[in-house]
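Okay, structure first, notes after.
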Amino acid sequence: MPSSYRAIFTAPGTVAFSAAGFLGRMPLAMMGLGVMTMVSEITGRYGLAGSLSATMAVSAAALGPQVSRLVDRHGQRRVLRPTVLVSLLAATGLVLCAQLRLADWTLFLFAAGVGCVPSVGAMTRARWAALYRQSPRELHTAYSFESVVDEVCFIFGPIIAVGLSTTWFPAAGPVLAGGFLAVGVWWLTSQRATEPVPHPAEHHTGGSVLRSRGLLVLVAAFVATGAIFGSVDVVTVAFAEAEGHKSWSSLVLAVYALGSCLAGAVFGLLHLKGEAPRRWLVGVCAMAVSMIPLQLAGNLPVLAAALFVAGLAIAPTMVTTMALVQAHVPRAKLTEGMSWTSTGLAVGIALGASTGGWVVDAHGAAAGYAVPGVAGVCAAVVGLTGYRLLRPAPPAAEPTREGLSDRDDREQDPEQSHLA
């Protein structure tokens, strides 16, 4: 392991909470795709499968920030354990209803309950921020490491979920995803020494963090980015089935994640100068451009190569996004701010998965790649129009303490400064 990565693990407890966070995040890559594969295997209906995946994503988008807001106020252990229990019970109901072939509305009911799941990535990043808030370089490396962990989950998660659901029994992917969630969250919340200290209610004045226009830009861009991810997942499974190798879809999607994983690992070793908003904009535009080759892929090997190249832009953009979130939200609401980006991603995944599924049903698998192409254009448009809102404002002249807003507090607090 390079010295930069070794350095961040010198703090006690970092290895343990990172390992727990890895297990807790596996369902992020497994549950939606596992449910989609399960339902398509049982019913043969990609539209229904994509809509259920979208329902879970929308539910997570609606409930995730509320869970994170409670975490900021009451701590991870007190909030995460009961919410995970609710999610696991709903996942059990969804699997049973699918296996028994009950009415579609029962599937949607339990799919909505599955969305009551915490953003485990936001929880682990909040622990890194608490440890290295005073050390921007180490925090940049830690965020890069977390992006690598995300992509490792997306490398192995689809392989496990789709592979088990297609070769063992249809519900195998969702069942194992639930097991990962339970073990990961229980292990993470048992580690009290590295848990960020909750902030009392008086630190949560001023309304939602979405009042920050910079955060709104990031969330909007992540909606479009999520639409890329969600549609690519659904369309790739259908494309592989049309080619006669449905189980290979997990390997193709793993190649997509591998590109991002490698880029994130290298990015964490760099100490780049210049403005983070500019790097973020370049990353968003690169993701948009990388969708063009997908329209021309005629077989699985070409598709895998195109997705590998497309993945190279993902992790660096995600790392820079986390730095920008920290710069645009108060410290007491950091977990909530990070969760809102996850929410935007979840909403986009929902839209992309649902739209991709219906386009595949109506026009065939190859036509489905137009959906991530359009989503990429939308992400670039948001980035180009909102870029100026992400740039740091010049400090006001001689501000009075009474007149400082939350943003002014962050500008004067070096612990909330931009990560260069």
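Scheme for the structure tokens: letters A, B, ... for chains in order shown; per-chain residue numbers from 1; ligand numbers from 1 in order shown.
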
Find the spatial neighbours of range 145-157 of chain A, counting only C-alpha atoms, within a cut-off of 6 Å - ignore same-chain residues fewer than 3 positions away - and output them as a PyMOL selection string.
chain A and resi 26+29-30+142+160-161+254+257+261+264+315

Since we have the selection now, will you write its residues out, keeping all heavy atoms, as a short mmCIF file (atom, residue, chain, number, x, y, z; two decimals), in the first residue's frame?
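To be explicit, this is the file written out as again.cif:
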data_model
loop_
_atom_site.label_atom_id
_atom_site.label_comp_id
_atom_site.auth_asym_id
_atom_site.auth_seq_id
_atom_site.Cartn_x
_atom_site.Cartn_y
_atom_site.Cartn_z
N MET A 26 -21.88 -2.91 0.56
CA MET A 26 -22.09 -3.90 -0.49
C MET A 26 -23.53 -3.91 -1.02
O MET A 26 -23.75 -4.04 -2.23
CB MET A 26 -21.71 -5.29 0.01
CG MET A 26 -20.21 -5.54 0.08
SD MET A 26 -19.40 -5.50 -1.54
CE MET A 26 -19.96 -7.06 -2.23
N ALA A 29 -24.47 -1.83 -4.18
CA ALA A 29 -24.23 -2.38 -5.51
C ALA A 29 -25.01 -3.66 -5.77
O ALA A 29 -25.09 -4.11 -6.91
CB ALA A 29 -22.74 -2.66 -5.69
N MET A 30 -25.60 -4.24 -4.73
CA MET A 30 -26.22 -5.54 -4.86
C MET A 30 -27.74 -5.52 -4.83
O MET A 30 -28.39 -6.25 -5.59
CB MET A 30 -25.72 -6.47 -3.74
CG MET A 30 -24.26 -6.84 -3.81
SD MET A 30 -23.78 -7.91 -2.43
CE MET A 30 -24.81 -9.34 -2.71
N ALA A 142 -8.20 10.08 2.29
CA ALA A 142 -9.24 9.25 2.89
C ALA A 142 -10.48 9.21 2.01
O ALA A 142 -11.09 8.14 1.81
CB ALA A 142 -9.59 9.77 4.28
N ILE A 160 -21.63 -10.87 -7.66
CA ILE A 160 -22.26 -11.73 -6.65
C ILE A 160 -23.77 -11.76 -6.82
O ILE A 160 -24.39 -12.82 -6.85
CB ILE A 160 -21.88 -11.25 -5.24
CG1 ILE A 160 -20.36 -11.37 -5.03
CG2 ILE A 160 -22.63 -12.05 -4.18
CD1 ILE A 160 -19.86 -10.72 -3.75
N ALA A 161 -24.38 -10.56 -6.94
CA ALA A 161 -25.84 -10.48 -6.98
C ALA A 161 -26.41 -11.16 -8.22
O ALA A 161 -27.30 -12.03 -8.12
CB ALA A 161 -26.28 -9.02 -6.93
N ALA A 254 -18.72 -4.98 -13.71
CA ALA A 254 -17.54 -4.96 -12.85
C ALA A 254 -16.38 -4.24 -13.54
O ALA A 254 -15.60 -3.53 -12.88
CB ALA A 254 -17.13 -6.38 -12.47
N ALA A 257 -16.84 -0.57 -13.04
CA ALA A 257 -16.39 -0.16 -11.71
C ALA A 257 -14.88 -0.23 -11.56
O ALA A 257 -14.28 0.57 -10.84
CB ALA A 257 -17.06 -1.03 -10.65
N CYS A 261 -12.33 2.44 -10.02
CA CYS A 261 -11.50 2.06 -8.88
C CYS A 261 -10.04 2.43 -9.12
O CYS A 261 -9.38 3.01 -8.25
CB CYS A 261 -11.64 0.56 -8.63
SG CYS A 261 -10.67 -0.07 -7.26
N GLY A 264 -9.61 6.21 -9.02
CA GLY A 264 -9.69 6.71 -7.65
C GLY A 264 -8.43 6.44 -6.85
O GLY A 264 -7.98 7.29 -6.07
N ALA A 315 -14.65 8.07 -10.06
CA ALA A 315 -14.12 8.25 -8.71
C ALA A 315 -13.51 9.63 -8.48
O ALA A 315 -13.78 10.26 -7.45
CB ALA A 315 -13.11 7.15 -8.39
#

Extract, using only C-alpha atoms, all DNA, RNA and protein residues at most 10 Å from Arg192 in chain A, discarding same-chain residues fewer than 6 positions from it, and format them as a list of chain:residue names.
A:Gly13, A:Phe17, A:Gly75, A:Gln76, A:Arg77

Which neighbours of range 52-57 of chain A fall inside 9 Å, counting only C-alpha atoms, when residues of the same chain fewer than 5 positions from it are skipped, and could you give them as a short mmCIF file (atom, residue, chain, number, x, y, z; two decimals) with all heavy atoms, in the first residue's frame?
data_model
loop_
_atom_site.label_atom_id
_atom_site.label_comp_id
_atom_site.auth_asym_id
_atom_site.auth_seq_id
_atom_site.Cartn_x
_atom_site.Cartn_y
_atom_site.Cartn_z
N MET A 31 -28.33 -4.70 -3.95
CA MET A 31 -29.76 -4.83 -3.69
C MET A 31 -30.60 -4.48 -4.91
O MET A 31 -31.46 -5.25 -5.34
CB MET A 31 -30.16 -3.96 -2.50
CG MET A 31 -31.60 -4.15 -2.06
SD MET A 31 -31.96 -5.83 -1.47
CE MET A 31 -31.27 -5.74 0.19
N GLY A 32 -30.37 -3.29 -5.49
CA GLY A 32 -31.18 -2.89 -6.64
C GLY A 32 -31.02 -3.84 -7.81
O GLY A 32 -32.01 -4.28 -8.42
N LEU A 33 -29.77 -4.17 -8.14
CA LEU A 33 -29.52 -5.07 -9.26
C LEU A 33 -29.99 -6.49 -8.92
O LEU A 33 -30.49 -7.21 -9.79
CB LEU A 33 -28.02 -5.08 -9.58
CG LEU A 33 -27.59 -5.66 -10.92
CD1 LEU A 33 -28.28 -4.95 -12.07
CD2 LEU A 33 -26.08 -5.59 -11.08
N VAL A 35 -32.54 -7.30 -6.90
CA VAL A 35 -34.01 -7.31 -7.02
C VAL A 35 -34.42 -7.31 -8.48
O VAL A 35 -35.35 -8.02 -8.89
CB VAL A 35 -34.61 -6.11 -6.27
CG1 VAL A 35 -36.08 -5.92 -6.62
CG2 VAL A 35 -34.46 -6.30 -4.76
N MET A 36 -33.74 -6.50 -9.29
CA MET A 36 -34.07 -6.43 -10.71
C MET A 36 -33.87 -7.80 -11.36
O MET A 36 -34.72 -8.27 -12.14
CB MET A 36 -33.20 -5.40 -11.40
CG MET A 36 -33.58 -5.14 -12.85
SD MET A 36 -32.39 -4.09 -13.67
CE MET A 36 -30.99 -5.19 -13.80
N VAL A 39 -36.61 -10.35 -10.06
CA VAL A 39 -37.93 -10.14 -10.65
C VAL A 39 -37.95 -10.51 -12.13
O VAL A 39 -38.89 -11.12 -12.63
CB VAL A 39 -38.40 -8.69 -10.43
CG1 VAL A 39 -39.70 -8.41 -11.17
CG2 VAL A 39 -38.57 -8.41 -8.94
N GLY A 47 -39.55 -4.09 -17.38
CA GLY A 47 -40.18 -2.84 -16.96
C GLY A 47 -40.54 -2.88 -15.49
O GLY A 47 -40.27 -1.92 -14.74
N ALA A 62 -35.78 9.73 -0.39
CA ALA A 62 -36.66 10.48 0.50
C ALA A 62 -36.29 10.29 1.97
O ALA A 62 -36.35 11.24 2.76
CB ALA A 62 -38.11 10.05 0.27
N LEU A 107 -45.31 -5.92 -4.13
CA LEU A 107 -43.88 -5.76 -4.39
C LEU A 107 -43.47 -4.30 -4.21
O LEU A 107 -42.43 -4.00 -3.59
CB LEU A 107 -43.54 -6.22 -5.81
CG LEU A 107 -43.83 -7.69 -6.16
CD1 LEU A 107 -43.48 -7.95 -7.61
CD2 LEU A 107 -43.06 -8.63 -5.25
N PHE A 108 -44.28 -3.38 -4.74
CA PHE A 108 -43.95 -1.96 -4.62
C PHE A 108 -44.04 -1.50 -3.16
O PHE A 108 -43.24 -0.65 -2.73
CB PHE A 108 -44.88 -1.13 -5.50
CG PHE A 108 -44.54 -1.19 -6.95
CD1 PHE A 108 -45.23 -2.03 -7.82
CD2 PHE A 108 -43.50 -0.43 -7.47
CE1 PHE A 108 -44.90 -2.10 -9.17
CE2 PHE A 108 -43.16 -0.47 -8.81
CZ PHE A 108 -43.86 -1.32 -9.66
N PHE A 110 -43.37 -3.21 -0.36
CA PHE A 110 -42.17 -3.61 0.38
C PHE A 110 -40.91 -2.97 -0.21
O PHE A 110 -39.96 -2.69 0.52
CB PHE A 110 -42.04 -5.13 0.41
CG PHE A 110 -42.98 -5.80 1.36
CD1 PHE A 110 -44.05 -6.57 0.90
CD2 PHE A 110 -42.82 -5.65 2.73
CE1 PHE A 110 -44.92 -7.18 1.80
CE2 PHE A 110 -43.69 -6.25 3.64
CZ PHE A 110 -44.75 -7.02 3.16
N ALA A 111 -40.90 -2.73 -1.52
CA ALA A 111 -39.74 -2.06 -2.13
C ALA A 111 -39.56 -0.67 -1.54
O ALA A 111 -38.43 -0.21 -1.32
CB ALA A 111 -39.91 -1.99 -3.64
N ALA A 112 -40.67 0.01 -1.27
CA ALA A 112 -40.58 1.33 -0.65
C ALA A 112 -39.99 1.24 0.75
O ALA A 112 -39.22 2.12 1.18
CB ALA A 112 -41.97 1.98 -0.60
N GLY A 113 -40.31 0.18 1.47
CA GLY A 113 -39.76 0.01 2.82
C GLY A 113 -38.28 -0.29 2.82
O GLY A 113 -37.56 0.08 3.76
N VAL A 114 -37.80 -0.96 1.77
CA VAL A 114 -36.37 -1.28 1.68
C VAL A 114 -35.55 0.01 1.66
O VAL A 114 -34.40 0.04 2.11
CB VAL A 114 -36.08 -2.13 0.43
CG1 VAL A 114 -34.58 -2.35 0.25
CG2 VAL A 114 -36.78 -3.47 0.53
N GLY A 115 -36.13 1.08 1.15
CA GLY A 115 -35.41 2.35 1.05
C GLY A 115 -35.05 2.97 2.39
O GLY A 115 -34.25 3.92 2.43
N CYS A 116 -35.58 2.46 3.49
CA CYS A 116 -35.23 2.98 4.82
C CYS A 116 -33.87 2.42 5.23
O CYS A 116 -33.74 1.68 6.20
CB CYS A 116 -36.31 2.60 5.83
SG CYS A 116 -36.06 3.32 7.47
N GLY A 230 -27.92 4.14 -13.17
CA GLY A 230 -29.10 3.28 -13.13
C GLY A 230 -29.44 2.71 -14.49
O GLY A 230 -29.76 1.51 -14.62
N THR A 343 -28.63 11.13 -2.05
CA THR A 343 -30.04 11.20 -2.42
C THR A 343 -30.20 11.57 -3.89
O THR A 343 -30.99 10.97 -4.62
CB THR A 343 -30.76 12.24 -1.55
OG1 THR A 343 -30.80 11.77 -0.20
CG2 THR A 343 -32.18 12.47 -2.04
N LEU A 345 -28.08 11.04 -6.19
CA LEU A 345 -27.65 9.87 -6.94
C LEU A 345 -28.76 8.82 -6.98
O LEU A 345 -29.03 8.21 -8.02
CB LEU A 345 -26.39 9.29 -6.29
CG LEU A 345 -25.45 8.47 -7.17
CD1 LEU A 345 -24.86 9.32 -8.28
CD2 LEU A 345 -24.33 7.87 -6.31
N ALA A 346 -29.43 8.61 -5.83
CA ALA A 346 -30.49 7.61 -5.76
C ALA A 346 -31.68 7.99 -6.63
O ALA A 346 -32.27 7.13 -7.30
CB ALA A 346 -30.94 7.43 -4.31
N VAL A 347 -32.05 9.28 -6.62
CA VAL A 347 -33.15 9.72 -7.49
C VAL A 347 -32.79 9.49 -8.95
O VAL A 347 -33.61 9.00 -9.74
CB VAL A 347 -33.45 11.21 -7.25
CG1 VAL A 347 -34.40 11.75 -8.31
CG2 VAL A 347 -34.05 11.42 -5.86
N GLY A 348 -31.56 9.82 -9.31
CA GLY A 348 -31.12 9.60 -10.68
C GLY A 348 -31.11 8.13 -11.05
O GLY A 348 -31.52 7.74 -12.16
N ILE A 349 -30.64 7.28 -10.14
CA ILE A 349 -30.65 5.84 -10.40
C ILE A 349 -32.07 5.35 -10.63
O ILE A 349 -32.32 4.53 -11.51
CB ILE A 349 -29.98 5.10 -9.22
CG1 ILE A 349 -28.47 5.35 -9.23
CG2 ILE A 349 -30.27 3.59 -9.30
CD1 ILE A 349 -27.75 4.81 -8.01
N ALA A 350 -32.99 5.88 -9.82
CA ALA A 350 -34.40 5.50 -9.99
C ALA A 350 -34.90 5.89 -11.37
O ALA A 350 -35.52 5.08 -12.08
CB ALA A 350 -35.25 6.17 -8.91
N LEU A 351 -34.65 7.12 -11.76
CA LEU A 351 -35.09 7.59 -13.07
C LEU A 351 -34.42 6.81 -14.20
O LEU A 351 -35.06 6.39 -15.16
CB LEU A 351 -34.79 9.08 -13.22
CG LEU A 351 -35.57 10.03 -12.30
CD1 LEU A 351 -35.03 11.45 -12.43
CD2 LEU A 351 -37.05 9.99 -12.64
N GLY A 352 -33.12 6.61 -14.05
CA GLY A 352 -32.38 5.91 -15.09
C GLY A 352 -32.80 4.46 -15.22
O GLY A 352 -32.98 3.94 -16.33
N ALA A 353 -32.97 3.78 -14.06
CA ALA A 353 -33.35 2.37 -14.10
C ALA A 353 -34.74 2.19 -14.69
O ALA A 353 -34.96 1.31 -15.54
CB ALA A 353 -33.29 1.78 -12.69
N SER A 354 -35.67 3.03 -14.26
CA SER A 354 -37.04 2.92 -14.76
C SER A 354 -37.11 3.24 -16.25
O SER A 354 -37.68 2.49 -17.05
CB SER A 354 -37.95 3.87 -13.98
OG SER A 354 -39.27 3.79 -14.44
#

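Those residues that approach range 359-361 of chain A to within 10 Å, counting only C-alpha atoms, are A:Arg45, A:Tyr46, A:Gly47, A:Ser231, A:Val234, A:Val235, A:Ala238, A:Phe239, A:Ala353, A:Ser354, A:Thr355, A:Gly356, A:Gly357, A:His363, A:Gly364, A:Ala365, A:Ala366, A:Ala367, A:Gly368, A:Tyr369, A:Ala370, A:Val371; same-chain residues fewer than 2 positions away are not listed.
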
Requested write-out: all heavy atoms of the selected residues, as a short mmCIF file (atom, residue, chain, number, x, y, z; two decimals), in the first residue's frame:
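What follows is the written file out-v8.cif:
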data_model
loop_
_atom_site.label_atom_id
_atom_site.label_comp_id
_atom_site.auth_asym_id
_atom_site.auth_seq_id
_atom_site.Cartn_x
_atom_site.Cartn_y
_atom_site.Cartn_z
N ARG A 45 -40.26 -9.67 -16.82
CA ARG A 45 -40.71 -8.30 -17.10
C ARG A 45 -39.63 -7.30 -16.66
O ARG A 45 -39.48 -7.01 -15.47
CB ARG A 45 -42.03 -8.01 -16.38
CG ARG A 45 -43.17 -8.89 -16.84
CD ARG A 45 -44.32 -8.88 -15.86
NE ARG A 45 -44.87 -7.55 -15.67
CZ ARG A 45 -45.75 -7.25 -14.72
NH1 ARG A 45 -46.17 -8.20 -13.87
NH2 ARG A 45 -46.21 -6.02 -14.60
N TYR A 46 -38.89 -6.76 -17.61
CA TYR A 46 -37.83 -5.79 -17.28
C TYR A 46 -38.41 -4.46 -16.84
O TYR A 46 -37.82 -3.75 -16.02
CB TYR A 46 -36.90 -5.60 -18.48
CG TYR A 46 -35.81 -6.63 -18.55
CD1 TYR A 46 -35.93 -7.72 -19.38
CD2 TYR A 46 -34.67 -6.51 -17.76
CE1 TYR A 46 -34.94 -8.68 -19.44
CE2 TYR A 46 -33.67 -7.46 -17.82
CZ TYR A 46 -33.81 -8.55 -18.67
OH TYR A 46 -32.83 -9.50 -18.72
N GLY A 47 -39.55 -4.09 -17.38
CA GLY A 47 -40.18 -2.84 -16.96
C GLY A 47 -40.54 -2.88 -15.49
O GLY A 47 -40.27 -1.92 -14.74
N SER A 231 -29.39 3.54 -15.51
CA SER A 231 -29.73 3.06 -16.85
C SER A 231 -28.66 2.11 -17.40
O SER A 231 -28.99 1.11 -18.06
CB SER A 231 -29.94 4.23 -17.80
OG SER A 231 -28.80 5.08 -17.84
N VAL A 234 -29.35 -1.41 -15.88
CA VAL A 234 -30.50 -2.12 -16.44
C VAL A 234 -30.25 -2.51 -17.89
O VAL A 234 -30.48 -3.66 -18.30
CB VAL A 234 -31.76 -1.23 -16.33
CG1 VAL A 234 -32.92 -1.88 -17.09
CG2 VAL A 234 -32.15 -1.02 -14.88
N VAL A 235 -29.77 -1.58 -18.68
CA VAL A 235 -29.59 -1.84 -20.11
C VAL A 235 -28.51 -2.88 -20.34
O VAL A 235 -28.62 -3.71 -21.25
CB VAL A 235 -29.27 -0.52 -20.85
CG1 VAL A 235 -29.00 -0.79 -22.32
CG2 VAL A 235 -30.42 0.46 -20.71
N ALA A 238 -29.92 -6.33 -19.87
CA ALA A 238 -30.75 -6.68 -21.01
C ALA A 238 -29.91 -6.93 -22.26
O ALA A 238 -30.19 -7.84 -23.06
CB ALA A 238 -31.77 -5.57 -21.27
N PHE A 239 -28.86 -6.11 -22.45
CA PHE A 239 -27.99 -6.27 -23.62
C PHE A 239 -27.29 -7.63 -23.57
O PHE A 239 -27.19 -8.33 -24.60
CB PHE A 239 -26.96 -5.14 -23.64
CG PHE A 239 -26.11 -5.09 -24.87
CD1 PHE A 239 -26.52 -4.38 -25.99
CD2 PHE A 239 -24.90 -5.76 -24.93
CE1 PHE A 239 -25.74 -4.34 -27.14
CE2 PHE A 239 -24.11 -5.73 -26.07
CZ PHE A 239 -24.53 -5.01 -27.18
N ALA A 353 -32.97 3.78 -14.06
CA ALA A 353 -33.35 2.37 -14.10
C ALA A 353 -34.74 2.19 -14.69
O ALA A 353 -34.96 1.31 -15.54
CB ALA A 353 -33.29 1.78 -12.69
N SER A 354 -35.67 3.03 -14.26
CA SER A 354 -37.04 2.92 -14.76
C SER A 354 -37.11 3.24 -16.25
O SER A 354 -37.68 2.49 -17.05
CB SER A 354 -37.95 3.87 -13.98
OG SER A 354 -39.27 3.79 -14.44
N THR A 355 -36.50 4.37 -16.65
CA THR A 355 -36.52 4.76 -18.06
C THR A 355 -35.80 3.75 -18.93
O THR A 355 -36.27 3.36 -20.01
CB THR A 355 -35.88 6.15 -18.23
OG1 THR A 355 -36.53 7.09 -17.38
CG2 THR A 355 -35.99 6.61 -19.67
N GLY A 356 -34.64 3.30 -18.45
CA GLY A 356 -33.89 2.31 -19.21
C GLY A 356 -34.67 1.02 -19.40
O GLY A 356 -34.67 0.43 -20.49
N GLY A 357 -35.36 0.58 -18.33
CA GLY A 357 -36.15 -0.64 -18.43
C GLY A 357 -37.28 -0.53 -19.45
O GLY A 357 -37.51 -1.43 -20.26
N HIS A 363 -38.09 -0.81 -27.26
CA HIS A 363 -37.26 -0.65 -28.46
C HIS A 363 -36.06 -1.59 -28.52
O HIS A 363 -35.29 -1.53 -29.49
CB HIS A 363 -36.76 0.79 -28.56
CG HIS A 363 -37.86 1.80 -28.59
ND1 HIS A 363 -38.70 1.97 -29.67
CD2 HIS A 363 -38.27 2.69 -27.65
CE1 HIS A 363 -39.57 2.92 -29.42
NE2 HIS A 363 -39.35 3.38 -28.20
N GLY A 364 -35.83 -2.38 -27.49
CA GLY A 364 -34.71 -3.30 -27.53
C GLY A 364 -33.53 -2.81 -26.70
O GLY A 364 -33.43 -1.62 -26.36
N ALA A 365 -32.61 -3.73 -26.38
CA ALA A 365 -31.52 -3.43 -25.47
C ALA A 365 -30.55 -2.39 -26.03
O ALA A 365 -30.12 -1.48 -25.32
CB ALA A 365 -30.76 -4.72 -25.14
N ALA A 366 -30.20 -2.50 -27.32
CA ALA A 366 -29.22 -1.59 -27.88
C ALA A 366 -29.69 -0.15 -27.82
O ALA A 366 -28.91 0.78 -27.56
CB ALA A 366 -28.90 -1.98 -29.32
N ALA A 367 -31.00 0.07 -28.02
CA ALA A 367 -31.54 1.43 -27.98
C ALA A 367 -31.50 2.01 -26.57
O ALA A 367 -31.53 3.23 -26.39
CB ALA A 367 -32.98 1.44 -28.50
N GLY A 368 -31.42 1.15 -25.58
CA GLY A 368 -31.44 1.62 -24.20
C GLY A 368 -30.26 2.50 -23.82
O GLY A 368 -30.37 3.31 -22.89
N TYR A 369 -29.13 2.36 -24.52
CA TYR A 369 -27.96 3.17 -24.16
C TYR A 369 -28.12 4.64 -24.54
O TYR A 369 -27.27 5.46 -24.17
CB TYR A 369 -26.71 2.58 -24.81
CG TYR A 369 -26.22 1.35 -24.07
CD1 TYR A 369 -26.27 0.09 -24.68
CD2 TYR A 369 -25.73 1.44 -22.77
CE1 TYR A 369 -25.84 -1.03 -24.00
CE2 TYR A 369 -25.32 0.32 -22.09
CZ TYR A 369 -25.37 -0.92 -22.70
OH TYR A 369 -24.97 -2.03 -22.02
N ALA A 370 -29.20 4.98 -25.21
CA ALA A 370 -29.50 6.40 -25.42
C ALA A 370 -29.84 7.08 -24.11
O ALA A 370 -29.62 8.29 -23.96
CB ALA A 370 -30.64 6.56 -26.42
N VAL A 371 -30.36 6.33 -23.14
CA VAL A 371 -30.76 6.92 -21.86
C VAL A 371 -29.54 7.46 -21.10
O VAL A 371 -29.54 8.62 -20.67
CB VAL A 371 -31.55 5.90 -21.01
CG1 VAL A 371 -31.92 6.50 -19.66
CG2 VAL A 371 -32.80 5.47 -21.75
#

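Among the candidates A:Arg211, A:Arg125, A:Arg81, A:His271, the residue lying nearest to Val329 in chain A is A:Arg211 (atoms considered: only C-alpha atoms).
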
How many Å lie between CA of Arg25 in chain A and CA of Thr317 in chain A, rounded to one decimal?
19.0 Å

Which polymer residues have any atom within 7 Å of an atom of range 333-337 of chain A, counting only C-alpha atoms, with same-chain residues fewer than 2 positions away left out, as an MDAnalysis selection string?
chainID A and resid 65 68:69 72 122:123 126 209 325:326 329:331 339:341

N, CA and C atoms of the current selection, written as a short mmCIF file (atom, residue, chain, number, x, y, z; two decimals), in the first residue's frame:
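Heads up, here's the output in selection_35.cif:
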data_model
loop_
_atom_site.label_atom_id
_atom_site.label_comp_id
_atom_site.auth_asym_id
_atom_site.auth_seq_id
_atom_site.Cartn_x
_atom_site.Cartn_y
_atom_site.Cartn_z
N PRO A 65 -31.74 11.32 3.71
CA PRO A 65 -31.34 12.56 4.39
C PRO A 65 -31.97 12.73 5.77
N SER A 68 -29.92 10.68 8.09
CA SER A 68 -28.65 11.34 8.35
C SER A 68 -28.82 12.56 9.25
N ARG A 69 -29.93 13.27 9.09
CA ARG A 69 -30.20 14.41 9.98
C ARG A 69 -30.32 13.95 11.43
N ASP A 72 -26.82 13.14 12.76
CA ASP A 72 -26.09 14.33 13.18
C ASP A 72 -26.51 14.79 14.58
N ALA A 122 -21.73 7.75 3.69
CA ALA A 122 -21.71 9.04 4.39
C ALA A 122 -21.27 8.87 5.84
N MET A 123 -21.64 7.75 6.45
CA MET A 123 -21.26 7.52 7.85
C MET A 123 -19.75 7.32 8.00
N ALA A 126 -17.96 10.61 7.31
CA ALA A 126 -18.07 11.50 8.46
C ALA A 126 -17.05 11.16 9.54
N VAL A 209 -29.84 22.06 4.85
CA VAL A 209 -28.59 22.39 4.17
C VAL A 209 -28.82 22.67 2.69
N VAL A 325 -18.80 19.40 -0.87
CA VAL A 325 -19.86 19.34 0.14
C VAL A 325 -19.37 19.90 1.47
N GLN A 326 -18.17 19.48 1.86
CA GLN A 326 -17.61 19.96 3.12
C GLN A 326 -17.43 21.47 3.11
N VAL A 329 -21.39 23.18 3.47
CA VAL A 329 -22.36 22.94 4.55
C VAL A 329 -21.69 23.13 5.90
N PRO A 330 -22.46 23.48 6.93
CA PRO A 330 -21.88 23.61 8.27
C PRO A 330 -21.40 22.27 8.80
N ARG A 331 -20.43 22.32 9.69
CA ARG A 331 -19.87 21.08 10.24
C ARG A 331 -20.93 20.24 10.94
N SER A 339 -25.31 13.03 2.63
CA SER A 339 -26.43 12.17 2.27
C SER A 339 -27.28 12.77 1.17
N TRP A 340 -27.34 14.11 1.10
CA TRP A 340 -28.12 14.72 0.02
C TRP A 340 -27.51 14.42 -1.34
N THR A 341 -26.18 14.35 -1.42
CA THR A 341 -25.58 13.95 -2.70
C THR A 341 -25.94 12.50 -3.02
#

Residue with smallest distance to Pro316 in chain A - pool A:Val266, A:Leu48, A:Val217, A:Leu88, counting only C-alpha atoms
A:Val266

So which residues touch Arg388 in chain A within 12 Å, counting only C-alpha atoms, skipping near sequence neighbours fewer than 4 positions away, as a PDB file with C-alpha atoms, in the first residue's frame?
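Output file around_1.pdb follows:
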ATOM      1  CA  ARG A 213     -27.004  26.962  -3.681  1.00  0.00           C
ATOM      2  CA  GLY A 214     -23.672  25.226  -4.163  1.00  0.00           C
ATOM      3  CA  VAL A 217     -25.837  22.292  -7.894  1.00  0.00           C
ATOM      4  CA  LEU A 218     -24.023  19.190  -6.664  1.00  0.00           C
ATOM      5  CA  GLU A 275      -9.737  25.100  -7.709  1.00  0.00           C
ATOM      6  CA  ALA A 276     -11.775  22.031  -6.774  1.00  0.00           C
ATOM      7  CA  PRO A 277     -14.861  23.351  -8.651  1.00  0.00           C
ATOM      8  CA  ARG A 278     -12.896  23.380 -11.901  1.00  0.00           C
ATOM      9  CA  TRP A 280     -15.313  18.802 -10.623  1.00  0.00           C
ATOM     10  CA  LEU A 281     -16.617  20.396 -13.815  1.00  0.00           C
ATOM     11  CA  VAL A 382     -25.970  21.410 -14.856  1.00  0.00           C
ATOM     12  CA  GLY A 383     -22.225  21.597 -14.293  1.00  0.00           C
ATOM     13  CA  LEU A 384     -21.660  24.332 -16.842  1.00  0.00           C
ATOM     14  CA  PRO A 392     -15.512  30.193  -3.148  1.00  0.00           C
ATOM     15  CA  ALA A 393     -16.853  33.670  -2.518  1.00  0.00           C
TER      16      ALA A 393
END

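Nearest-residue note for Gly24 in chain A: choosing from A:Ala286, A:Met291, A:Leu80, A:Leu96, the minimum distance belongs to A:Leu80, counting only C-alpha atoms.
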
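With only C-alpha atoms as the atoms that count, the minimum distance from Leu181 in chain A to the choices A:His245, A:Thr194, A:Val223, A:Pro27 is reached by A:Pro27.
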
For Trp168 in chain A, the closest of A:Lys273, A:Val232, A:Ser247, A:Glu241 counting only C-alpha atoms is A:Ser247
